[in-house]
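**Q** Just run00.csv, nothing more (CSV, C-alpha atoms):
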chain,number,residue,atom,x,y,z
V,1,MET,CA,26.7,14.6,5.3
V,2,THR,CA,26.7,11.4,3.2
V,3,ALA,CA,24.1,11.6,0.4
V,4,ILE,CA,21.8,8.6,0.4
V,5,ALA,CA,19.9,7.2,-2.6
V,6,VAL,CA,17.2,4.7,-3.6
V,7,SER,CA,19.2,2.7,-6.1
V,8,GLY,CA,16.7,0.2,-7.4
V,9,THR,CA,13.1,-0.9,-7.1
V,10,GLY,CA,11.3,-4.2,-7.5
V,11,LEU,CA,7.7,-5.3,-8.0
V,12,PHE,CA,5.8,-8.6,-7.6
V,13,THR,CA,2.4,-8.7,-9.2
V,14,PRO,CA,0.1,-11.8,-8.5
V,15,SER,CA,-0.9,-13.7,-11.6
V,16,GLN,CA,-4.6,-13.5,-10.8
V,17,SER,CA,-6.8,-10.4,-11.2
V,18,ILE,CA,-10.4,-9.4,-10.6
V,19,SER,CA,-12.2,-6.8,-12.7
V,20,ASN,CA,-14.9,-4.5,-11.4
V,21,GLU,CA,-17.4,-6.5,-13.5
V,22,GLU,CA,-16.5,-9.8,-11.8
V,23,LEU,CA,-16.4,-8.3,-8.3
V,24,VAL,CA,-19.8,-6.6,-8.8
V,25,ALA,CA,-21.4,-9.9,-10.1
V,26,SER,CA,-20.2,-11.8,-7.0
V,27,PHE,CA,-21.3,-9.0,-4.6
V,28,ASN,CA,-24.7,-8.6,-6.1
V,29,THR,CA,-25.3,-12.4,-6.1
V,30,TYR,CA,-24.5,-12.3,-2.3
V,31,VAL,CA,-26.9,-9.3,-1.8
V,32,ARG,CA,-29.8,-11.0,-3.7
V,33,ARG,CA,-29.3,-14.2,-1.7
V,34,HIS,CA,-29.1,-12.3,1.6
V,35,ASN,CA,-32.2,-10.2,0.9
V,36,ALA,CA,-34.2,-13.3,-0.2
V,37,ALA,CA,-33.1,-15.2,3.0
V,38,HIS,CA,-34.3,-12.3,5.2
V,39,ALA,CA,-37.3,-11.2,3.1
V,40,SER,CA,-39.8,-11.5,6.0
V,41,ALA,CA,-37.7,-9.4,8.4
V,42,ILE,CA,-37.1,-6.8,5.6
V,43,ALA,CA,-40.8,-6.7,4.9
V,44,ASP,CA,-41.6,-6.2,8.6
V,45,GLY,CA,-39.0,-3.4,8.9
V,46,LYS,CA,-36.9,-5.4,11.3
V,47,ALA,CA,-33.9,-5.6,8.9
V,48,ALA,CA,-32.7,-3.4,6.1
V,49,ALA,CA,-32.3,-4.7,2.6
V,50,LEU,CA,-28.7,-4.7,1.3
V,51,GLU,CA,-28.0,-2.5,-1.7
V,52,GLU,CA,-26.4,-3.8,-4.8
V,53,SER,CA,-23.1,-2.4,-6.1
V,54,SER,CA,-22.2,-1.3,-9.6
V,55,VAL,CA,-19.2,-0.8,-11.8
V,56,GLU,CA,-20.1,2.9,-12.2
V,57,PHE,CA,-20.3,3.3,-8.4
V,58,ILE,CA,-16.9,1.8,-7.9
V,59,VAL,CA,-15.2,3.9,-10.6
V,60,LYS,CA,-16.8,7.1,-9.4
V,61,ALA,CA,-16.0,6.5,-5.7
V,62,SER,CA,-12.4,5.5,-6.3
V,63,GLY,CA,-11.1,5.4,-9.8
V,64,ILE,CA,-10.4,1.6,-9.4
V,65,LYS,CA,-11.1,-0.7,-12.3
V,66,ASN,CA,-9.1,-3.8,-11.5
V,67,ARG,CA,-7.1,-5.4,-8.7
V,68,PHE,CA,-4.5,-8.3,-8.5
V,69,VAL,CA,-5.1,-10.9,-5.8
V,70,ILE,CA,-3.4,-13.9,-4.4
V,71,ASP,CA,-6.6,-16.0,-4.6
V,72,LYS,CA,-9.5,-15.1,-6.9
V,73,SER,CA,-11.9,-18.0,-6.5
V,74,GLY,CA,-12.5,-17.6,-2.8
V,75,ILE,CA,-13.1,-13.9,-3.2
V,76,LEU,CA,-15.6,-14.3,-6.0
V,77,ASP,CA,-17.5,-17.2,-4.4
V,78,PRO,CA,-20.6,-15.6,-2.9
V,79,GLU,CA,-20.6,-18.3,-0.1
V,80,ILE,CA,-17.0,-17.4,0.9
V,81,MET,CA,-16.1,-13.9,-0.2
V,82,CYS,CA,-12.6,-14.2,1.2
V,83,PRO,CA,-9.2,-15.3,-0.2
V,84,ARG,CA,-8.3,-18.9,0.5
V,85,ILE,CA,-4.6,-19.1,1.1
V,86,GLN,CA,-3.4,-22.5,2.4
V,87,GLU,CA,-1.2,-22.5,5.5
V,88,ARG,CA,2.4,-23.7,4.8
V,89,PRO,CA,4.5,-25.9,7.1
V,90,ASN,CA,7.0,-24.0,9.2
V,91,ASP,CA,9.9,-25.4,7.1
V,92,GLN,CA,8.5,-23.7,4.0
V,93,LEU,CA,8.8,-20.0,3.0
V,94,SER,CA,5.7,-18.1,4.1
V,95,VAL,CA,3.5,-16.5,1.4
V,96,LEU,CA,4.2,-13.0,2.6
V,97,ALA,CA,8.0,-13.7,2.6
V,98,GLU,CA,7.8,-15.3,-0.8
V,99,MET,CA,6.2,-12.2,-2.3
V,100,ALA,CA,8.8,-10.0,-0.6
V,101,VAL,CA,11.7,-12.1,-1.9
V,102,THR,CA,10.4,-12.0,-5.4
V,103,ALA,CA,10.2,-8.2,-5.4
V,104,ALA,CA,13.5,-8.0,-3.6
V,105,ARG,CA,15.3,-10.0,-6.3
V,106,ASP,CA,13.9,-7.6,-8.8
V,107,ALA,CA,15.1,-4.6,-6.8
V,108,LEU,CA,18.6,-6.1,-6.3
V,109,LYS,CA,18.9,-6.6,-10.1
V,110,ALA,CA,17.8,-3.0,-10.8
V,111,ALA,CA,20.3,-1.7,-8.2
V,112,ASP,CA,23.1,-4.0,-9.6
V,113,ARG,CA,23.5,-5.4,-6.1
V,114,LYS,CA,23.9,-8.9,-4.7
V,115,PRO,CA,22.7,-10.1,-1.3
V,116,GLY,CA,26.2,-9.9,0.0
V,117,ASP,CA,26.1,-6.1,-0.5
V,118,ILE,CA,23.1,-5.7,1.8
V,119,ASP,CA,23.5,-5.4,5.6
V,120,GLY,CA,19.8,-4.9,6.7
V,121,VAL,CA,16.3,-6.0,5.7
V,122,ILE,CA,13.1,-4.1,6.7
V,123,VAL,CA,9.7,-5.5,5.9
V,124,ALA,CA,7.4,-2.5,6.2
V,125,CYS,CA,3.7,-3.2,5.5
V,126,SER,CA,0.2,-2.9,6.8
V,127,ASN,CA,-0.6,-6.5,7.6
V,128,LEU,CA,2.0,-8.9,8.8
V,129,GLN,CA,1.3,-12.6,8.4
V,130,ARG,CA,2.4,-13.4,12.0
V,131,ALA,CA,3.9,-11.8,15.1
V,132,TYR,CA,7.2,-13.7,15.1
V,133,PRO,CA,9.7,-14.7,13.9
V,134,ALA,CA,9.9,-11.5,11.9
V,135,ILE,CA,9.0,-11.8,8.2
V,136,ALA,CA,12.1,-9.6,7.6
V,137,VAL,CA,14.4,-12.2,9.2
V,138,GLU,CA,12.8,-14.9,7.0
V,139,VAL,CA,13.4,-12.8,3.9
V,140,GLN,CA,16.9,-12.2,5.0
V,141,ASN,CA,17.5,-15.9,5.4
V,142,ALA,CA,15.9,-16.8,2.1
V,143,LEU,CA,18.1,-14.3,0.2
V,144,GLY,CA,21.3,-15.2,2.1
V,145,ILE,CA,21.8,-11.7,3.6
V,146,GLU,CA,24.0,-11.2,6.6
V,147,GLY,CA,23.3,-8.5,9.2
V,148,PHE,CA,19.9,-7.8,10.7
V,149,GLY,CA,16.2,-7.7,9.8
V,150,PHE,CA,13.0,-6.4,11.5
V,151,ASP,CA,9.4,-5.8,10.7
V,152,MET,CA,7.5,-2.5,11.0
V,153,ASN,CA,3.9,-1.4,10.5
V,154,VAL,CA,2.8,2.2,9.9
V,155,ALA,CA,-0.2,1.1,7.9
V,156,CYS,CA,-0.3,2.7,4.4
V,157,SER,CA,2.8,4.9,5.2
V,158,SER,CA,5.0,1.9,6.1
V,159,ALA,CA,7.1,2.2,2.9
V,160,THR,CA,8.1,5.8,3.4
V,161,PHE,CA,8.7,5.3,7.1
V,162,GLY,CA,10.8,2.3,6.2
V,163,LEU,CA,12.7,4.3,3.7
V,164,GLN,CA,13.6,6.9,6.3
V,165,ALA,CA,14.7,4.2,8.7
V,166,ALA,CA,16.8,2.6,6.1
V,167,ALA,CA,18.4,5.9,5.1
V,168,ASP,CA,19.2,6.7,8.8
V,169,PHE,CA,20.9,3.3,9.2
V,170,VAL,CA,23.1,3.9,6.1
V,171,LYS,CA,23.8,7.5,7.0
V,172,ALA,CA,24.9,6.5,10.5
V,173,GLY,CA,27.2,3.8,9.2
V,174,HIS,CA,25.2,0.9,10.6
V,175,ALA,CA,24.7,-0.6,7.2
V,176,ARG,CA,26.3,-0.4,3.7
V,177,ALA,CA,22.9,-0.8,2.1
V,178,VAL,CA,19.4,-1.8,3.3
V,179,LEU,CA,16.6,-3.7,1.5
V,180,VAL,CA,13.1,-2.5,2.3
V,181,CYS,CA,10.2,-4.8,1.3
V,182,ASN,CA,6.5,-4.0,1.2
V,183,PRO,CA,4.4,-7.2,0.8
V,184,GLU,CA,0.7,-6.5,1.0
V,185,ILE,CA,-2.0,-9.1,1.0
V,186,CYS,CA,-4.7,-6.5,1.5
V,187,SER,CA,-7.5,-8.8,0.3
V,188,GLY,CA,-7.1,-10.8,3.6
V,189,HIS,CA,-8.3,-7.9,5.7
V,190,LEU,CA,-11.1,-6.6,3.4
V,191,ASN,CA,-14.8,-7.2,4.1
V,192,PHE,CA,-16.0,-8.2,0.6
V,193,ARG,CA,-19.6,-8.1,1.9
V,194,ASP,CA,-19.4,-4.3,2.6
V,195,ARG,CA,-20.7,-2.3,-0.4
V,196,ASP,CA,-18.7,0.8,0.6
V,197,SER,CA,-15.3,-0.9,0.7
V,198,HIS,CA,-15.5,-4.3,-1.1
V,199,PHE,CA,-13.7,-2.9,-4.1
V,200,ILE,CA,-10.8,-1.0,-2.5
V,201,PHE,CA,-7.8,-3.3,-2.1
V,202,GLY,CA,-5.5,-5.5,-4.1
V,203,ASP,CA,-2.4,-7.6,-3.4
V,204,VAL,CA,1.1,-6.9,-4.4
V,205,ALA,CA,4.7,-6.6,-3.1
V,206,THR,CA,7.3,-3.9,-3.8
V,207,ALA,CA,10.9,-3.6,-2.7
V,208,PHE,CA,13.8,-1.0,-2.9
V,209,ILE,CA,17.4,-0.7,-2.0
V,210,VAL,CA,18.8,2.3,0.0
V,211,GLU,CA,22.5,3.0,-0.1
V,212,PRO,CA,25.0,5.8,-0.4
V,213,ALA,CA,24.5,7.9,-3.5
V,214,ASN,CA,28.2,7.7,-4.4
V,215,SER,CA,28.0,3.9,-4.7
V,216,ALA,CA,24.6,3.6,-6.4
V,217,GLY,CA,25.0,1.6,-9.5
V,218,GLY,CA,21.5,1.2,-10.8
V,219,SER,CA,20.4,2.9,-14.0
V,220,ASN,CA,17.4,4.6,-12.2
V,221,ALA,CA,18.9,5.8,-8.9
V,222,TRP,CA,17.5,8.7,-7.0
V,223,GLU,CA,19.1,10.8,-4.3
V,224,ILE,CA,17.0,11.2,-1.1
V,225,VAL,CA,17.0,15.0,-0.8
V,226,ALA,CA,14.7,15.1,2.3
V,227,THR,CA,12.2,13.0,4.3
V,228,LYS,CA,9.4,14.1,6.5
V,229,LEU,CA,7.1,12.0,8.6
V,230,LYS,CA,3.9,12.8,10.5
V,231,THR,CA,1.4,10.9,12.6
V,232,GLN,CA,-1.9,12.1,14.1
V,233,PHE,CA,-4.2,9.8,15.9
V,234,SER,CA,-7.5,8.9,14.4
V,235,ASN,CA,-10.0,6.0,14.6
V,236,ASN,CA,-11.4,6.8,11.1
V,237,ILE,CA,-9.4,4.0,9.6
V,238,ARG,CA,-9.1,0.9,11.8
V,239,ASN,CA,-8.6,-2.8,12.0
V,240,ASN,CA,-9.1,-4.4,15.4
V,241,PHE,CA,-7.8,-7.9,14.5
V,242,GLY,CA,-5.1,-9.1,16.9
V,243,PHE,CA,-3.8,-11.7,19.3
V,244,LEU,CA,-6.0,-10.4,22.1
V,245,ASN,CA,-9.2,-11.2,20.2
V,246,ARG,CA,-9.1,-14.7,21.7
V,247,ALA,CA,-9.2,-13.1,25.2
V,248,ALA,CA,-12.5,-11.5,24.3
V,249,PRO,CA,-14.3,-14.2,22.3
V,250,GLU,CA,-17.6,-12.4,22.2
V,251,GLY,CA,-16.1,-10.0,19.6
V,252,ILE,CA,-14.5,-12.7,17.3
V,253,GLY,CA,-15.9,-12.3,13.8
V,254,ALA,CA,-17.2,-8.8,14.3
V,255,THR,CA,-16.9,-6.4,11.3
V,256,ASP,CA,-14.2,-4.3,13.1
V,257,LYS,CA,-11.8,-7.3,12.9
V,258,LEU,CA,-11.5,-6.4,9.3
V,259,PHE,CA,-10.8,-3.1,7.6
V,260,VAL,CA,-13.3,-0.4,8.5
V,261,GLN,CA,-13.2,3.3,7.7
V,262,GLU,CA,-15.3,6.5,7.8
V,263,GLY,CA,-14.5,7.4,4.2
V,264,ARG,CA,-15.9,10.9,4.0
V,265,LYS,CA,-14.1,11.9,7.2
V,266,VAL,CA,-10.8,10.4,6.0
V,267,PHE,CA,-11.1,12.4,2.8
V,268,LYS,CA,-11.9,15.6,4.6
V,269,GLU,CA,-9.1,15.3,7.1
V,270,VAL,CA,-6.3,13.6,5.3
V,271,VAL,CA,-6.2,15.8,2.1
V,272,PRO,CA,-5.3,19.1,3.9
V,273,MET,CA,-3.0,17.3,6.3
V,274,VAL,CA,-1.0,15.8,3.5
V,275,ALA,CA,-1.0,18.9,1.3
V,276,GLU,CA,0.3,21.0,4.2
V,277,LEU,CA,3.0,18.4,5.0
V,278,ILE,CA,4.2,18.4,1.4
V,279,LEU,CA,4.1,22.2,1.0
V,280,GLY,CA,5.9,22.7,4.3
V,281,GLN,CA,8.6,20.2,3.4
V,282,LEU,CA,9.2,21.8,0.0
V,283,ALA,CA,9.4,25.2,1.6
V,284,ASP,CA,11.9,23.9,4.2
V,285,ASN,CA,14.1,22.7,1.4
V,286,GLY,CA,13.8,25.8,-0.8
V,287,ILE,CA,11.9,24.0,-3.6
V,288,ALA,CA,9.1,25.7,-5.4
V,289,PRO,CA,6.2,23.3,-6.1
V,290,GLN,CA,6.3,24.1,-9.8
V,291,ASN,CA,9.8,22.7,-9.9
V,292,LEU,CA,8.6,19.2,-9.1
V,293,ASN,CA,8.7,17.0,-12.2
V,294,ARG,CA,6.6,14.3,-10.8
V,295,MET,CA,4.6,13.2,-7.7
V,296,TRP,CA,4.2,9.5,-6.8
V,297,LEU,CA,1.3,9.7,-4.4
V,298,HIS,CA,-0.3,7.0,-2.3
V,299,GLN,CA,-2.8,5.1,-4.5
V,300,ALA,CA,-5.9,5.0,-2.3
V,301,ASN,CA,-8.4,7.1,-4.1
V,302,LEU,CA,-8.2,9.0,-7.4
V,303,GLY,CA,-10.1,12.0,-6.0
V,304,MET,CA,-7.8,12.4,-3.0
V,305,ASN,CA,-4.7,12.2,-5.2
V,306,GLU,CA,-6.0,14.8,-7.7
V,307,LEU,CA,-7.0,17.2,-4.9
V,308,ILE,CA,-3.7,16.9,-3.1
V,309,ALA,CA,-1.7,17.4,-6.3
V,310,ARG,CA,-3.9,20.4,-7.1
V,311,ARG,CA,-3.3,22.0,-3.7
V,312,VAL,CA,0.5,21.4,-4.0
V,313,LEU,CA,0.8,22.7,-7.6
V,314,GLY,CA,-1.9,25.3,-7.4
V,315,ARG,CA,-3.5,23.9,-10.6
V,316,ASP,CA,-4.8,20.7,-12.1
V,317,PRO,CA,-2.0,18.2,-12.5
V,318,LEU,CA,-1.2,16.7,-15.8
V,319,PRO,CA,-1.5,12.9,-15.9
V,320,SER,CA,2.3,12.6,-16.2
V,321,GLU,CA,2.8,14.8,-13.1
V,322,ALA,CA,0.9,12.6,-10.8
V,323,PRO,CA,0.6,9.1,-12.4
V,324,ASN,CA,-2.2,6.9,-11.3
V,325,ILE,CA,-2.0,3.1,-11.0
V,326,LEU,CA,-5.3,2.7,-9.2
V,327,ASP,CA,-7.2,1.6,-12.3
V,328,GLU,CA,-4.9,-1.4,-12.6
V,329,TYR,CA,-3.8,-2.3,-9.1
V,330,ALA,CA,-6.4,-0.7,-6.8
V,331,ASN,CA,-5.3,0.3,-3.3
V,332,THR,CA,-2.3,-1.7,-2.3
V,333,SER,CA,-1.7,0.1,1.0
V,334,SER,CA,2.0,0.9,1.6
V,335,ALA,CA,3.1,-0.4,-1.8
V,336,GLY,CA,1.0,1.9,-3.9
V,337,SER,CA,3.3,4.9,-4.2
V,338,VAL,CA,6.3,2.6,-4.7
V,339,ILE,CA,4.5,0.9,-7.6
V,340,ALA,CA,3.9,4.4,-9.2
V,341,PHE,CA,7.5,5.2,-8.7
V,342,HIS,CA,8.7,1.9,-10.1
V,343,LYS,CA,6.6,2.3,-13.2
V,344,PHE,CA,6.9,6.0,-13.8
V,345,SER,CA,10.3,7.3,-12.9
V,346,ALA,CA,12.9,5.9,-15.4
V,347,ASP,CA,11.8,8.3,-18.2
V,348,LEU,CA,12.8,11.4,-16.3
V,349,PRO,CA,16.3,13.0,-16.9
V,350,ALA,CA,19.2,13.4,-14.5
V,351,GLY,CA,18.5,16.2,-12.1
V,352,ALA,CA,14.7,15.8,-12.2
V,353,LEU,CA,12.9,16.4,-8.9
V,354,GLY,CA,10.2,14.1,-7.7
V,355,LEU,CA,8.1,13.5,-4.5
V,356,LEU,CA,7.1,10.2,-3.1
V,357,CYS,CA,4.3,10.4,-0.6
V,358,SER,CA,2.2,8.0,1.3
V,359,PHE,CA,-0.7,8.5,3.8
V,360,GLY,CA,-3.3,6.4,5.6
V,361,ALA,CA,-4.4,4.9,8.9
V,362,GLY,CA,-3.0,6.4,12.0
V,363,TYR,CA,-3.3,9.0,10.6
V,364,SER,CA,0.2,8.6,9.2
V,365,ALA,CA,2.0,10.3,6.3
V,366,GLY,CA,5.5,10.2,4.9
V,367,SER,CA,6.9,12.5,2.2
V,368,VAL,CA,10.2,12.0,0.4
V,369,ILE,CA,11.9,14.5,-2.0
V,370,LEU,CA,14.0,12.7,-4.6
V,371,ARG,CA,16.5,13.9,-7.2
V,372,LYS,CA,17.4,11.8,-10.2
V,373,LEU,CA,21.1,10.9,-10.3
V,374,ALA,CA,23.1,10.8,-13.6
Starting from the file, give its structure as structure tokens.
**A**
Amino acid sequence: MTAIAVSGTGLFTPSQSISNEELVASFNTYVRRHNAAHASAIADGKAAALEESSVEFIVKASGIKNRFVIDKSGILDPEIMCPRIQERPNDQLSVLAEMAVTAARDALKAADRKPGDIDGVIVACSNLQRAYPAIAVEVQNALGIEGFGFDMNVACSSATFGLQAAADFVKAGHARAVLVCNPEICSGHLNFRDRDSHFIFGDVATAFIVEPANSAGGSNAWEIVATKLKTQFSNNIRNNFGFLNRAAPEGIGATDKLFVQEGRKVFKEVVPMVAELILGQLADNGIAPQNLNRMWLHQANLGMNELIARRVLGRDPLPSEAPNILDEYANTSSAGSVIAFHKFSADLPAGALGLLCSFGAGYSAGSVILRKLA
């Protein structure tokens, strides 16, 4: 069997960022205005007063301290509390494709590859800007790549599912190399008026190249030892926005047209599912958990990551064993584990074993065992 590798990764980080302090100030201003406007109903018991947020609450609930965003001013305006991203004419590159292209060029450089070396493009992310034409085909065109391109969505697990799809294409001989991009404008589907989730997401784009290990020329190439995917239906993380909303206009603008979740249920159900997936995959490949040098876990919640790592290793992980980028980037959906890999993998020696794992809505989970090439 042909050995397949991730030969280079790329990262696009927006220039604007929002600290917890800024986000809380905006949210609390909104809360105070809302409570004042509905003071009579609140006093009569006909409406509940909204509760203010705090920096301490956010850090304790998630470990998040900051997030990068495409538009800061709209999010922080208490009258808007939503990013403002201007529509572009059809003859201009879309914002999602632009993010993907920037990350892709970074990945191509890291892999020592040119667009002419790539035969396929997969844009795998949680929220696609449009239904068609595919963002992947737009990225393909912008980069001058021949071959094919398509979009896929498996929520927060999109990157790992995209990685396996790319590896399968290369292994089957359908492509010499495949570019996988994960552009995420998560701020666009976040309800910034919801205290329990207004702090969760940030915007970013990642990309990586998948090709045969024997041709991987990047300085930080990793052989894909094994992949394992799992889905299990759940409504505990959901977003009901879609093209059929216009067919039921009574629901337009409802809170379920943005990100909603039952956080405690997600924590309780996803942690054991993911830990069992990882441990089963390691056992199937004859790898003892203590032989893992590093885990790049989905960056959704610090508590979840620490508990999953603890269940896999049988002890508390060292910070270097399960690096966290939540404090800087927040939850960036499918891109989170790839950011962690991009930033915290080059220091490991040849032969090091690592595990890239994503998990989220669906439920969905993808786990990838990687070995550092020389």
**Q** Just checking: using all atoms listed in the file, which residue out of V:Thr2, V:Asn293, V:Ser26, V:Ser333 ends up closest to V:Leu313?
**A**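 Between V:Thr2, V:Asn293, V:Ser26, V:Ser333, the residue approaching V:Leu313 most closely is V:Asn293.
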**Q** Env of V:Arg311: 12 Å cut, atoms = all atoms listed in the file, seq-sep filter 2 positions within chain, self excluded. Answer as an NGL selection string.
**A** :V and (271-279 or 289-290 or 304-309 or 313-317)
**Q** From the options V:Ser19, V:Asn214, V:Ser73, V:Thr231, which residue's atoms come nearest to V:Ser158, counting only C-alpha atoms?
**A**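 Residue with the minimum atom-to-atom distance to V:Ser158: V:Thr231.
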**Q** Just give me the residues with any atom within 12 Å of (-13.4, 5.9, -14.2), file coordinates, counting all atoms listed in the file, written as a list in words.
**A** Asn20, Val55, Glu56, Phe57, Ile58, Val59, Lys60, Ala61, Ser62, Gly63, Ile64, Lys65, Asn66, Asn301, Leu302, Gly303, Asn324, Leu326, Asp327 and Glu328 of chain V
**Q** Between atom CA of V:Arg238 and atom CA of V:Glu262, measure the distance and give it in Å to one decimal.
**A**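 If I compute the distance from atom CA of V:Arg238 to atom CA of V:Glu262, I get 9.3 Å.
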**Q** Select, from V:Pro319, V:Asp91, V:Ser337, V:Gly286, the residue with the minimum atom-to-atom distance to V:Ala300, counting only C-alpha atoms.
**A**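 So, comparing all the options, the nearest one is V:Ser337.
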**Q** For a quick check of understanding, using only C-alpha atoms, which of V:Val123, V:Ile80, V:Ala172, V:Leu348 has the smallest distance to V:Ala221?
**A**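 Residue with the minimum atom-to-atom distance to V:Ala221: V:Leu348.
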**Q** Determine, for each residue of stretch 236-283 of chain V having at least one atom at most 12 Å from an atom of stretch 189-195 of chain V, the closest pair of atoms and their separation in Å to one decimal, counting all atoms listed in the file; order by chain and ascending number, as JSON lines.
**A**
{"residue": "V:Arg238", "atom": "CA", "partner": "V:His189", "partner_atom": "CA", "distance": 10.7}
{"residue": "V:Asn239", "atom": "CA", "partner": "V:His189", "partner_atom": "CA", "distance": 8.1}
{"residue": "V:Asn240", "atom": "CA", "partner": "V:His189", "partner_atom": "CA", "distance": 10.3}
{"residue": "V:Phe241", "atom": "CA", "partner": "V:His189", "partner_atom": "CA", "distance": 8.8}
{"residue": "V:Gly242", "atom": "CA", "partner": "V:His189", "partner_atom": "CA", "distance": 11.7}
{"residue": "V:Gly253", "atom": "CA", "partner": "V:Asn191", "partner_atom": "CA", "distance": 11.0}
{"residue": "V:Ala254", "atom": "CA", "partner": "V:Asn191", "partner_atom": "CA", "distance": 10.6}
{"residue": "V:Thr255", "atom": "CA", "partner": "V:Asn191", "partner_atom": "CA", "distance": 7.5}
{"residue": "V:Asp256", "atom": "CA", "partner": "V:Asn191", "partner_atom": "CA", "distance": 9.5}
{"residue": "V:Lys257", "atom": "CA", "partner": "V:His189", "partner_atom": "CA", "distance": 8.0}
{"residue": "V:Leu258", "atom": "CA", "partner": "V:His189", "partner_atom": "CA", "distance": 5.0}
{"residue": "V:Phe259", "atom": "CA", "partner": "V:Leu190", "partner_atom": "CA", "distance": 5.5}
{"residue": "V:Val260", "atom": "CA", "partner": "V:Asn191", "partner_atom": "CA", "distance": 8.2}
{"residue": "V:Gln261", "atom": "CA", "partner": "V:Leu190", "partner_atom": "CA", "distance": 11.0}
**Q** Give the padded box for stretch 19-25 of chain V as JSON: axis-aligned, covering all atoms listed in the file, 5 Å on each side, centre and edge lengths in Å to one decimal.
**A**
{"center_x": -16.8, "center_y": -7.2, "center_z": -10.9, "size_x": 19.2, "size_y": 15.4, "size_z": 15.2}
**Q** Quick one: residues within 12 Å of V:Asp119, all atoms listed in the file counted, chain neighbours fewer than 3 positions away excluded, as a PyMOL selection string?
**A** chain V and resi 113-116+122+137+140+143-149+166+169-170+173-180+209-211
**Q** Which polymer residues, whether protein, DNA or RNA, lie within 12 Å of the coordinate (14.4, -14.0, -7.3) when you count only C-alpha atoms? List them as a ChimeraX atom specification, using the chain letters and numbers from the file.
**A** /V:10-12,97-109,114-115,139,142-144,207
**Q** So how many Å separate atom CA of V:Glu51 and atom CA of V:Cys186, to one decimal?
**A**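 Taking atom CA of V:Glu51 as the start and atom CA of V:Cys186 as the end point, the length is 23.9 Å.
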**Q** Could you check how far atom CA of V:Gly8 sits from atom CA of V:Ser126, in Å to one decimal?
**A** 22.0 Å
**Q** Find the residue from V:Trp222, V:Phe344, V:Phe68, V:Phe208 that sits nearest to V:Ala124; use only C-alpha atoms when measuring.
**A** V:Phe208
